[in-house]
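Engineer: I'd like to ask you about the structure that follows.
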Amino acid sequence: MKKIAFLTSGGDSPGMNAVIRAIVKSCLYHEIIPFGIYDGYQGMIEERGKVMTSMDVNNIIQLGGTILGTARSKDFLEPYYRGKAIAFLKKENVDGLIVVGGDGTFAGASVLNEEMNIPVMGIPGTIDNDIYGTDFTIGFDTALNTVISAVDKIRDTASSHHRIFFVEVMGRDAGFIALNSAIASGADDVLIPEEKTNLQELLRHIKDTYKDQRSVIVLVAEGDDEGHAFDILNKLKPLLPEYDLRHSVLGHIQRGGSPSAQDRILATKMGVLAVEKLISGESNSMIGIQNGRYISSKFSSTVKQHAKPDLINLNLISLLRSN
């Protein structure tokens with residue numbers, strides 16, 4: 001293994017730059033040429049990349065986003081454009097590839113492995129934490145802290161004005177951010193895609209909670225079956241005419257910002273391990289962490305399944321809803 005290429009793909013997440021730094025430094029330690037590809041698979045198709053040095057990754061561990069850029073490439077789904085991407089890798093004499101992203105990113109890497117027979121490794125980078133095969137993904141912890149900080153501020157004004165707030169967070173398909181930030185911020189209820197929302201039960205709980213405190217905070221994952229925070233507010237407003245209802249959408253601020261210490265450490269260890277796994281001959285696998293141990297699991301399992309919050313064993317939602 002003389003040259004390893006790497007890219008970031010899909011949605012950006014805090015800690016991706018820490019991964020890039022770890023891959024570059026690990027490659028240089030093993031006397032392997034690190035080759036960064038810009039803007040994910042689209043950059044591969046358009047032949048945009050560069051050999052990176054330690055100078056390129058100095059002072060980036062604290063930066064959010066990704067210095068390589070990222071994209072969701074529809075072109076890569078077509079054999080013609082994949083052929084261009086493969087030709088680029090061959091022209092650059094790339095011996096292995098590391099991709100940082102979600103299951104779509106890993107699916108693309110699997111196709112490259114099949115069509116080019118190039119060894120590939122994946123690193124889970126997404127704030128949603130919904131990748132099967134790892135307890136934590138890069139960016140999740142930072143996103144949680146961003147949400148918690150925002151909810152703490154919203155609670156100040158909610159309590160001052162006796163308001164009920166529906167705070168919408170990211171999570172189109174998974175409720176990890178909503179559930180965990182609700183617990184950590186002391187929210188009064190949470191609505192997530194994994195559990196069907198009962199508006200009548202929510203209405204009762206809001207009224208019961210409001211009797212004992214000056215405000216109510218409800219965390220809403222954007223993928224909830226009853227709709228976005230604004231939709232739920234409008235459905236409940238006629239039933240709560242005497243209450244002051246507001247909503248807030250945190251949006252893309254959840255993706256940005258300096259990564260937390262946990263995300264920096266997680267990203268660094270995963271980046272180093274991905275390089276070492278390629279050197280040892282492993283391929284078509286994702287680096288993950290389970291029960292505190294760093295492991296690798298095949299793309300065939302990570303792509304076909306989605307991680308889900310542990311609702312039954314931890315009984316966390318009932319904890320939020322108890323008065």
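In the structure tokens, chains take letters A, B, ... by order of appearance, with residues numbered from 1 within each chain and ligands from 1 in the order shown.
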Please provide as a list in words all residues within 10 Å of Ala184 of chain A, with the sequence filter that same-chain residues fewer than 5 positions apart are discarded (counting only C-alpha atoms).
Structural biologist: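 So the residues in contact are Leu144, Asn145, Val147, Ile148, Val151 and Leu179 of chain A.
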Engineer: Counting only C-alpha atoms, what are the residues of segment 180-273 of chain A within 12 Å of segment 154-169 of chain A, and for each of them which pair of atoms is the nearest and at what distance in Å, to one decimal? Sort the table by chain and rising number, as JSON lines.
Structural biologist:
```
{"residue": "A:Asn180", "atom": "CA", "partner": "A:Val169", "partner_atom": "CA", "distance": 11.2}
{"residue": "A:Ser181", "atom": "CA", "partner": "A:Val169", "partner_atom": "CA", "distance": 9.3}
{"residue": "A:Ala182", "atom": "CA", "partner": "A:Val167", "partner_atom": "CA", "distance": 10.0}
{"residue": "A:Ser185", "atom": "CA", "partner": "A:Arg155", "partner_atom": "CA", "distance": 9.4}
{"residue": "A:Gly186", "atom": "CA", "partner": "A:Arg155", "partner_atom": "CA", "distance": 9.9}
{"residue": "A:Ala187", "atom": "CA", "partner": "A:Arg155", "partner_atom": "CA", "distance": 9.1}
{"residue": "A:Asp188", "atom": "CA", "partner": "A:Phe165", "partner_atom": "CA", "distance": 10.1}
{"residue": "A:Asp189", "atom": "CA", "partner": "A:Phe166", "partner_atom": "CA", "distance": 9.5}
{"residue": "A:Val190", "atom": "CA", "partner": "A:Phe166", "partner_atom": "CA", "distance": 9.3}
{"residue": "A:Leu191", "atom": "CA", "partner": "A:Glu168", "partner_atom": "CA", "distance": 9.5}
{"residue": "A:Ile192", "atom": "CA", "partner": "A:Val169", "partner_atom": "CA", "distance": 10.0}
{"residue": "A:Pro193", "atom": "CA", "partner": "A:Val169", "partner_atom": "CA", "distance": 12.0}
{"residue": "A:Leu202", "atom": "CA", "partner": "A:Phe166", "partner_atom": "CA", "distance": 11.7}
{"residue": "A:Leu203", "atom": "CA", "partner": "A:Ile164", "partner_atom": "CA", "distance": 11.4}
{"residue": "A:His205", "atom": "CA", "partner": "A:Ile164", "partner_atom": "CA", "distance": 11.9}
{"residue": "A:Ile206", "atom": "CA", "partner": "A:Ile164", "partner_atom": "CA", "distance": 8.3}
{"residue": "A:Lys207", "atom": "CA", "partner": "A:Ile164", "partner_atom": "CA", "distance": 10.1}
{"residue": "A:Thr209", "atom": "CA", "partner": "A:Ile164", "partner_atom": "CA", "distance": 10.3}
{"residue": "A:Tyr210", "atom": "CA", "partner": "A:Ile164", "partner_atom": "CA", "distance": 8.5}
{"residue": "A:Lys211", "atom": "CA", "partner": "A:His162", "partner_atom": "CA", "distance": 11.0}
{"residue": "A:Asp212", "atom": "CA", "partner": "A:His162", "partner_atom": "CA", "distance": 11.5}
{"residue": "A:Gln213", "atom": "CA", "partner": "A:Ser159", "partner_atom": "CA", "distance": 8.2}
{"residue": "A:Arg214", "atom": "CA", "partner": "A:His162", "partner_atom": "CA", "distance": 5.0}
{"residue": "A:Ser215", "atom": "CA", "partner": "A:Ser159", "partner_atom": "CA", "distance": 4.9}
{"residue": "A:Val216", "atom": "CA", "partner": "A:Ile164", "partner_atom": "CA", "distance": 4.7}
{"residue": "A:Ile217", "atom": "CA", "partner": "A:Phe165", "partner_atom": "CA", "distance": 5.0}
{"residue": "A:Val218", "atom": "CA", "partner": "A:Phe166", "partner_atom": "CA", "distance": 4.8}
{"residue": "A:Leu219", "atom": "CA", "partner": "A:Val167", "partner_atom": "CA", "distance": 5.0}
{"residue": "A:Val220", "atom": "CA", "partner": "A:Glu168", "partner_atom": "CA", "distance": 4.6}
{"residue": "A:Ala221", "atom": "CA", "partner": "A:Val169", "partner_atom": "CA", "distance": 5.2}
{"residue": "A:Glu222", "atom": "CA", "partner": "A:Val169", "partner_atom": "CA", "distance": 6.0}
{"residue": "A:Gly223", "atom": "CA", "partner": "A:Val169", "partner_atom": "CA", "distance": 9.3}
{"residue": "A:Asp224", "atom": "CA", "partner": "A:Glu168", "partner_atom": "CA", "distance": 9.9}
{"residue": "A:Gly227", "atom": "CA", "partner": "A:Glu168", "partner_atom": "CA", "distance": 10.2}
{"residue": "A:His228", "atom": "CA", "partner": "A:Glu168", "partner_atom": "CA", "distance": 7.0}
{"residue": "A:Ala229", "atom": "CA", "partner": "A:Glu168", "partner_atom": "CA", "distance": 5.4}
{"residue": "A:Phe230", "atom": "CA", "partner": "A:Phe166", "partner_atom": "CA", "distance": 7.7}
{"residue": "A:Asp231", "atom": "CA", "partner": "A:Phe166", "partner_atom": "CA", "distance": 10.0}
{"residue": "A:Ile232", "atom": "CA", "partner": "A:Phe166", "partner_atom": "CA", "distance": 8.1}
{"residue": "A:Leu233", "atom": "CA", "partner": "A:Phe166", "partner_atom": "CA", "distance": 7.1}
{"residue": "A:Asn234", "atom": "CA", "partner": "A:Phe166", "partner_atom": "CA", "distance": 10.8}
{"residue": "A:Leu236", "atom": "CA", "partner": "A:Phe166", "partner_atom": "CA", "distance": 10.9}
{"residue": "A:Lys237", "atom": "CA", "partner": "A:Ile164", "partner_atom": "CA", "distance": 10.6}
{"residue": "A:Leu240", "atom": "CA", "partner": "A:Ile164", "partner_atom": "CA", "distance": 10.2}
{"residue": "A:Pro241", "atom": "CA", "partner": "A:Ile164", "partner_atom": "CA", "distance": 12.0}
{"residue": "A:Glu242", "atom": "CA", "partner": "A:Arg163", "partner_atom": "CA", "distance": 10.7}
{"residue": "A:Tyr243", "atom": "CA", "partner": "A:Arg163", "partner_atom": "CA", "distance": 7.1}
{"residue": "A:Asp244", "atom": "CA", "partner": "A:Arg163", "partner_atom": "CA", "distance": 5.1}
{"residue": "A:Leu245", "atom": "CA", "partner": "A:Ile164", "partner_atom": "CA", "distance": 4.9}
{"residue": "A:Arg246", "atom": "CA", "partner": "A:Phe165", "partner_atom": "CA", "distance": 4.9}
{"residue": "A:His247", "atom": "CA", "partner": "A:Phe166", "partner_atom": "CA", "distance": 4.6}
{"residue": "A:Ser248", "atom": "CA", "partner": "A:Val167", "partner_atom": "CA", "distance": 4.9}
{"residue": "A:Val249", "atom": "CA", "partner": "A:Glu168", "partner_atom": "CA", "distance": 4.7}
{"residue": "A:Leu250", "atom": "CA", "partner": "A:Val169", "partner_atom": "CA", "distance": 5.8}
{"residue": "A:Gly251", "atom": "CA", "partner": "A:Val169", "partner_atom": "CA", "distance": 6.5}
{"residue": "A:His252", "atom": "CA", "partner": "A:Val169", "partner_atom": "CA", "distance": 9.1}
{"residue": "A:Ile253", "atom": "CA", "partner": "A:Val169", "partner_atom": "CA", "distance": 9.9}
{"residue": "A:Gln254", "atom": "CA", "partner": "A:Val169", "partner_atom": "CA", "distance": 7.9}
{"residue": "A:Arg255", "atom": "CA", "partner": "A:Val169", "partner_atom": "CA", "distance": 10.8}
```
Engineer: Which of these, A:Ile138, A:Leu278, A:Ile127, A:Ile20, has the shortest distance to Gly171 of chain A once you count only C-alpha atoms?
Structural biologist: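 Of A:Ile138, A:Leu278, A:Ile127, A:Ile20, the one nearest Gly171 of chain A is A:Ile127, counting only C-alpha atoms.
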Engineer: Could you check the closest approach to Gln200 of chain A for each of A:Leu239, A:Val94, A:Val272, A:Leu68 and tell me which residue wins, using only C-alpha atoms?
Structural biologist: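 Of A:Leu239, A:Val94, A:Val272, A:Leu68, the one nearest Gln200 of chain A is A:Leu239, counting only C-alpha atoms.
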Engineer: From the DSSP assignment of the backbone, select every residue of segment 125-241 of chain A that is helix (DSSP H, G or I), and format the answer as a count of residues only.
Structural biologist: 57
Engineer: Of the candidates A:Ile123, A:Ile289, A:Ile60, A:Leu97, which shows the shortest atom-to-atom distance to Cys27 of chain A, using only C-alpha atoms?
Structural biologist: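 Smallest separation from Cys27 of chain A among the options: A:Leu97.
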Engineer: Between A:Asp152, A:Asp141, A:Asp12, A:Glu46, single out the one closest to Thr126 of chain A, counting only C-alpha atoms.
Structural biologist: A:Asp12
Engineer: In Å to one decimal, how far is atom CA of Tyr294 of chain A from atom CA of Met270 of chain A?
Structural biologist: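 Computing the Euclidean distance for atom CA of Met270 of chain A and atom CA of Tyr294 of chain A yields 7.7 Å.
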Engineer: Between A:Leu63, A:Ala22, A:Ile98, A:Met170, which one has atoms that come closest to Asn129 of chain A, using only C-alpha atoms?
Structural biologist: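 Selected residue with least distance to Asn129 of chain A: A:Met170.
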Engineer: Mind pulling up the distance from atom CA of Tyr132 of chain A to atom CA of Asn198 of chain A?
Structural biologist: 27.9 Å
Engineer: Just the number, please: distance in Å from atom CA of Leu89 of chain A to atom CA of Gly288 of chain A, one decimal.
Structural biologist: 25.9 Å
